[in-house]
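Here's the structure we're looking at; comments come further down.
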Amino acid sequence: MEGLFFNVNNGFLEGIVRGYKSGILTQSHYASLTQCETLEDFKTQLSATDYGNFLANEPSPLSTSTIADKATQTLVDHFNFLRSNSVEPLSKFLDYITYGYMIDNVVLLITGTLHERDTHELLERCHPLGIFDTMPALCVATNVEELYQSVLVETPLAPYFRDCLSAADLDDMNIEIIRNTVYKAYLEDFYNYVSTIGSTTVDVMHNILAFEADRRTINITINSFDTELTKEQRAKLFPAIGRLFPAGNNALAKADDIDQVRQVCDNVGEYRSFFDNSASGQSNGDLGDFGVAAQLEDRFFRMEVHLNKLAFLQQFQYGVFYSYVKLKEQEIRNITWIAECIAQDARDRMHDFIPIF
């Protein structure tokens with residue numbers, strides 16, 4: 001039934017976002033980009049794609065940070081167009097997408113305030129998708145107490161901070177614990193909000209958000225080994241959603257090493273390959289914990305790309321908007337990686353990116 005009425009308010013924007021998706025770089029584009037000898041050649045090759053002349057006004061010599069910033073701005077422009085033409089409930093859904101970036105930005109400002117940095121300088125480092133109208137008001141705060149009160153009043157993140165943290169926590173807790181505590185509340189809230197939209201959106205987004213929750217749970221577990229974080233504190237950071245929840249989360253809360261994490265992930269078919277080193281012929285003992293964690297992150301990105309590509313196989317649902325943003329972000333990481341390899345003349349590592357289509 002929802003398919004009958006979806007196009008009334010959202011058909012135009014779904015068509016637009018599918019058009020944006022068709023402009024995502026393919027294997028043939030990457031083959032051309034990896035043949036470039038200089039960043040000027042790289043710029044010329046990119047101009048033949050949907051990016052067009054987005055670097056036309058940039059002076060030489062080009063830097064990789066400039067390429068990344070301009071590519072990100074292209075994504076932001078696309079997103080803002082979709083957002084400005086949307087109506088409820090799609091507009092609220094798009095707001096939720098920005099909350100993750102807002103959390104990173106607010107945590108960055110909290111870190112700057114704690115270390116008495118100039119918060120106006122930090123504004124320039126904030127992700128543009130997470131910037132909101134009242135953000136400059138946060139820069140007026142001179143201490144953590146003022147910043148906490150400003151966050152509660154001035155930002156859409158107020159419920160997450162109010163329910164999870166106090167002003168004293170911002171002073172005492174490690175900044176990554178603050179980030180993960182707030183992000184846990186955000187993911188659970190987003191998951192619950194998606195449940196109120198159409199069934200097709202629920203099917204697509206619950207799979208994606210469940211994986212995102214499991215990824216954070218696994219990362220928190222591995223990163224907490226050999227730290228002062230207790231197992232009880234670790235368990236409180238795990239999102240109460242995902243395919244590992246609740247039994248897997250309980251087991252990970254008690255895990256002491258990578259092997260125990262692998263045993264938990266073996267219980268979910270799609271996650272078994274995360275710790276499979278047969279392809280590289282290496283054992284975890286050869287790689288060490290740091291090597292396993294680095295390899296794991298790469299496989300997480302591949303799984304994320306796979307799930308977001310699947311979202312485009314279904315129509316009349318909002319998941320395509322979320323998936324487009326995530327796929328475009330991966331494309332920007334790929335472009336930046338290739339550009340950095342060209343700049344550093346590290347051609348042997350140039351193909352260590354994750355192709356999308």
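Ligands are numbered from 1 in the order shown, residues from 1 within each chain, and chains are lettered A, B, ... in the order they appear in the structure tokens.
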**OP:** Would you mind listing what lies within 12 Å of Glu270 in chain A as a PyMOL selection string, with only C-alpha atoms counted and same-chain residues fewer than 6 positions away left out?
**Re:** chain A and resi 207+211+214+243-244+276+299-300+302-304+306-307
Subject >> Polymer residues at most 12 Å from Gly112 in chain A, only C-alpha atoms, same-chain spacing of 5 or more positions, as a PyMOL selection string >> reply: chain A and resi 105-107+117-123+125-126+138-139+141-144+147+170+175
Subject >> Contact residues around Asp69 in chain A with only C-alpha atoms at 12 Å, ignoring same-chain residues under 4 positions, as a list in words >> reply: Phe54, Leu55, Glu58, Leu62, Ser63, Thr64, Ser65, Gln73, Thr74, Leu75, Val76, Glu124, Arg125, Cys126, His127, Pro128, Glu329, Ile332, Arg333, Ile335 and Thr336 of chain A
Original post:
If you count only C-alpha atoms, which residues fall within 8 Å of Leu33 in chain A, apart from same-chain ones fewer than 5 positions away, as a list in words?
Top reply: Phe42, Gln45, Leu46 and Ile338 of chain A
File of the preceding selection, all heavy atoms, as a PDB file, in the first residue's frame:
```pdb
ATOM      1  N   PHE A  42      45.680  13.557 -12.233  1.00  0.00           N
ATOM      2  CA  PHE A  42      44.564  13.044 -11.420  1.00  0.00           C
ATOM      3  C   PHE A  42      43.356  13.976 -11.536  1.00  0.00           C
ATOM      4  O   PHE A  42      42.221  13.531 -11.730  1.00  0.00           O
ATOM      5  CB  PHE A  42      45.045  12.943  -9.974  1.00  0.00           C
ATOM      6  CG  PHE A  42      44.103  12.238  -9.034  1.00  0.00           C
ATOM      7  CD1 PHE A  42      44.035  10.858  -9.004  1.00  0.00           C
ATOM      8  CD2 PHE A  42      43.292  12.959  -8.167  1.00  0.00           C
ATOM      9  CE1 PHE A  42      43.171  10.200  -8.124  1.00  0.00           C
ATOM     10  CE2 PHE A  42      42.430  12.322  -7.297  1.00  0.00           C
ATOM     11  CZ  PHE A  42      42.374  10.931  -7.276  1.00  0.00           C
ATOM     12  N   GLN A  45      41.721  13.586 -14.970  1.00  0.00           N
ATOM     13  CA  GLN A  45      40.923  12.356 -15.065  1.00  0.00           C
ATOM     14  C   GLN A  45      39.597  12.496 -14.316  1.00  0.00           C
ATOM     15  O   GLN A  45      38.550  12.045 -14.786  1.00  0.00           O
ATOM     16  CB  GLN A  45      41.712  11.164 -14.504  1.00  0.00           C
ATOM     17  CG  GLN A  45      42.844  10.685 -15.382  1.00  0.00           C
ATOM     18  CD  GLN A  45      42.355  10.048 -16.669  1.00  0.00           C
ATOM     19  OE1 GLN A  45      41.185   9.694 -16.814  1.00  0.00           O
ATOM     20  NE2 GLN A  45      43.259   9.913 -17.639  1.00  0.00           N
ATOM     21  N   LEU A  46      39.630  13.139 -13.137  1.00  0.00           N
ATOM     22  CA  LEU A  46      38.406  13.324 -12.361  1.00  0.00           C
ATOM     23  C   LEU A  46      37.419  14.245 -13.075  1.00  0.00           C
ATOM     24  O   LEU A  46      36.205  14.112 -12.914  1.00  0.00           O
ATOM     25  CB  LEU A  46      38.735  13.908 -10.970  1.00  0.00           C
ATOM     26  CG  LEU A  46      39.065  12.917  -9.857  1.00  0.00           C
ATOM     27  CD1 LEU A  46      39.344  13.662  -8.555  1.00  0.00           C
ATOM     28  CD2 LEU A  46      37.940  11.909  -9.635  1.00  0.00           C
ATOM     29  N   ILE A 338      44.145   7.228  -3.252  1.00  0.00           N
ATOM     30  CA  ILE A 338      44.897   7.185  -4.510  1.00  0.00           C
ATOM     31  C   ILE A 338      45.709   8.465  -4.689  1.00  0.00           C
ATOM     32  O   ILE A 338      46.877   8.424  -5.088  1.00  0.00           O
ATOM     33  CB  ILE A 338      43.929   6.972  -5.702  1.00  0.00           C
ATOM     34  CG1 ILE A 338      43.233   5.611  -5.599  1.00  0.00           C
ATOM     35  CG2 ILE A 338      44.678   7.079  -7.033  1.00  0.00           C
ATOM     36  CD1 ILE A 338      42.106   5.413  -6.605  1.00  0.00           C
TER      37      ILE A 338
END
```
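Interatomic distance, CA of Ala210 in chain A to CA of Pro159 in chain A: 21.4 Å.
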**OP:** Could you please write out, as a PyMOL selection string, every residue of range 51-234 of chain A that DSSP assigns to alpha helix (DSSP H)?
**Re:** chain A and resi 64-84+90-114+119-123+135-138+144-154+158-164+167-172+175-194+199-223+231-234
**OP:** Within 10 Å of Arg179 in chain A, counting only C-alpha atoms, which residues show up once you throw out same-chain ones fewer than 5 positions away? Write them as a PyMOL selection string, please.
**Re:** chain A and resi 103-104+106-108+174+184+237
Got time to write the residues from that selection, N, CA, C and O atoms, as a compact mmCIF listing (two decimals), in the first residue's frame?
```
# COMPACT_ATOMS: atom_id res chain seq x y z
N ILE A 103 27.62 14.56 16.36
CA ILE A 103 28.26 14.01 17.55
C ILE A 103 29.78 14.16 17.45
O ILE A 103 30.44 14.61 18.39
N ASP A 104 30.34 13.81 16.29
CA ASP A 104 31.80 13.95 16.10
C ASP A 104 32.23 15.41 16.25
O ASP A 104 33.27 15.70 16.86
N VAL A 106 30.66 17.90 17.94
CA VAL A 106 30.53 18.36 19.33
C VAL A 106 31.63 17.77 20.20
O VAL A 106 32.21 18.46 21.05
N VAL A 107 31.96 16.49 19.98
CA VAL A 107 33.05 15.86 20.75
C VAL A 107 34.37 16.56 20.45
O VAL A 107 35.20 16.76 21.35
N LEU A 108 34.58 16.97 19.20
CA LEU A 108 35.79 17.72 18.84
C LEU A 108 35.86 19.03 19.61
O LEU A 108 36.92 19.41 20.13
N ASN A 174 37.15 9.70 29.68
CA ASN A 174 37.92 9.71 28.45
C ASN A 174 37.02 10.16 27.30
O ASN A 174 35.86 9.77 27.22
N LYS A 184 25.98 5.47 21.05
CA LYS A 184 25.11 4.33 21.40
C LYS A 184 23.66 4.81 21.49
O LYS A 184 22.75 4.19 20.91
N LEU A 237 28.86 0.52 26.92
CA LEU A 237 29.07 1.25 25.66
C LEU A 237 28.48 0.52 24.46
O LEU A 237 28.39 1.09 23.37
```
**OP:** Using CA of Arg216 in chain A and CA of Phe238 in chain A as the two end points, give the distance in Å to one decimal.
**Re:**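 These two atoms are separated by 7.4 Å.
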Subject >> Shell around range 13-17 of chain A at 9 Å using only C-alpha atoms, local window under 3 positions removed, as a ChimeraX atom specification >> reply: /A:7,9-10,20-22,78,82,85-86,315-318,320-321,324
**OP:** Give the answer as one residue: which of A:Phe357, A:Tyr101, A:Tyr160, A:Tyr322 has the shortest atom-to-atom distance to Phe132 in chain A, using only C-alpha atoms?
**Re:**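 Using only C-alpha atoms, the shortest distance to Phe132 in chain A belongs to A:Tyr101.
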Original post:
What lies within 10 Å of range 349-351 of chain A using only C-alpha atoms, ignoring chain neighbours under 5 positions off, as a ChimeraX atom specification?
Top reply: /A:30-31,33-35,334,337-342
Subject >> Distance criterion (only C-alpha atoms): nearest to Gly130 in chain A out of A:Val261, A:Met102, A:Leu152, A:Ile110 >> reply: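 That would be A:Met102, the residue with the smallest distance to Gly130 in chain A.
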Original post:
In Å, with one decimal, what is the gap from CA of Phe274 in chain A to CA of Leu296 in chain A?
Top reply: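 CA of Leu296 in chain A lies at a distance of 5.9 Å from CA of Phe274 in chain A.
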Original post:
Which of these, A:Val325, A:Lys254, A:Gly11, A:Ile178, has the shortest distance to Lys309 in chain A once you count only C-alpha atoms?
Top reply: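 Looking only at the distances to Lys309 in chain A, the closest residue turns out to be A:Val325.
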Original post:
For Gln295 in chain A, which residue among A:Tyr193, A:Ser273, A:Asn308, A:Tyr183 is the nearest when counting only C-alpha atoms?
Top reply: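 Checking each of A:Tyr193, A:Ser273, A:Asn308, A:Tyr183 against Gln295 in chain A, counting only C-alpha atoms, the winner is A:Ser273.
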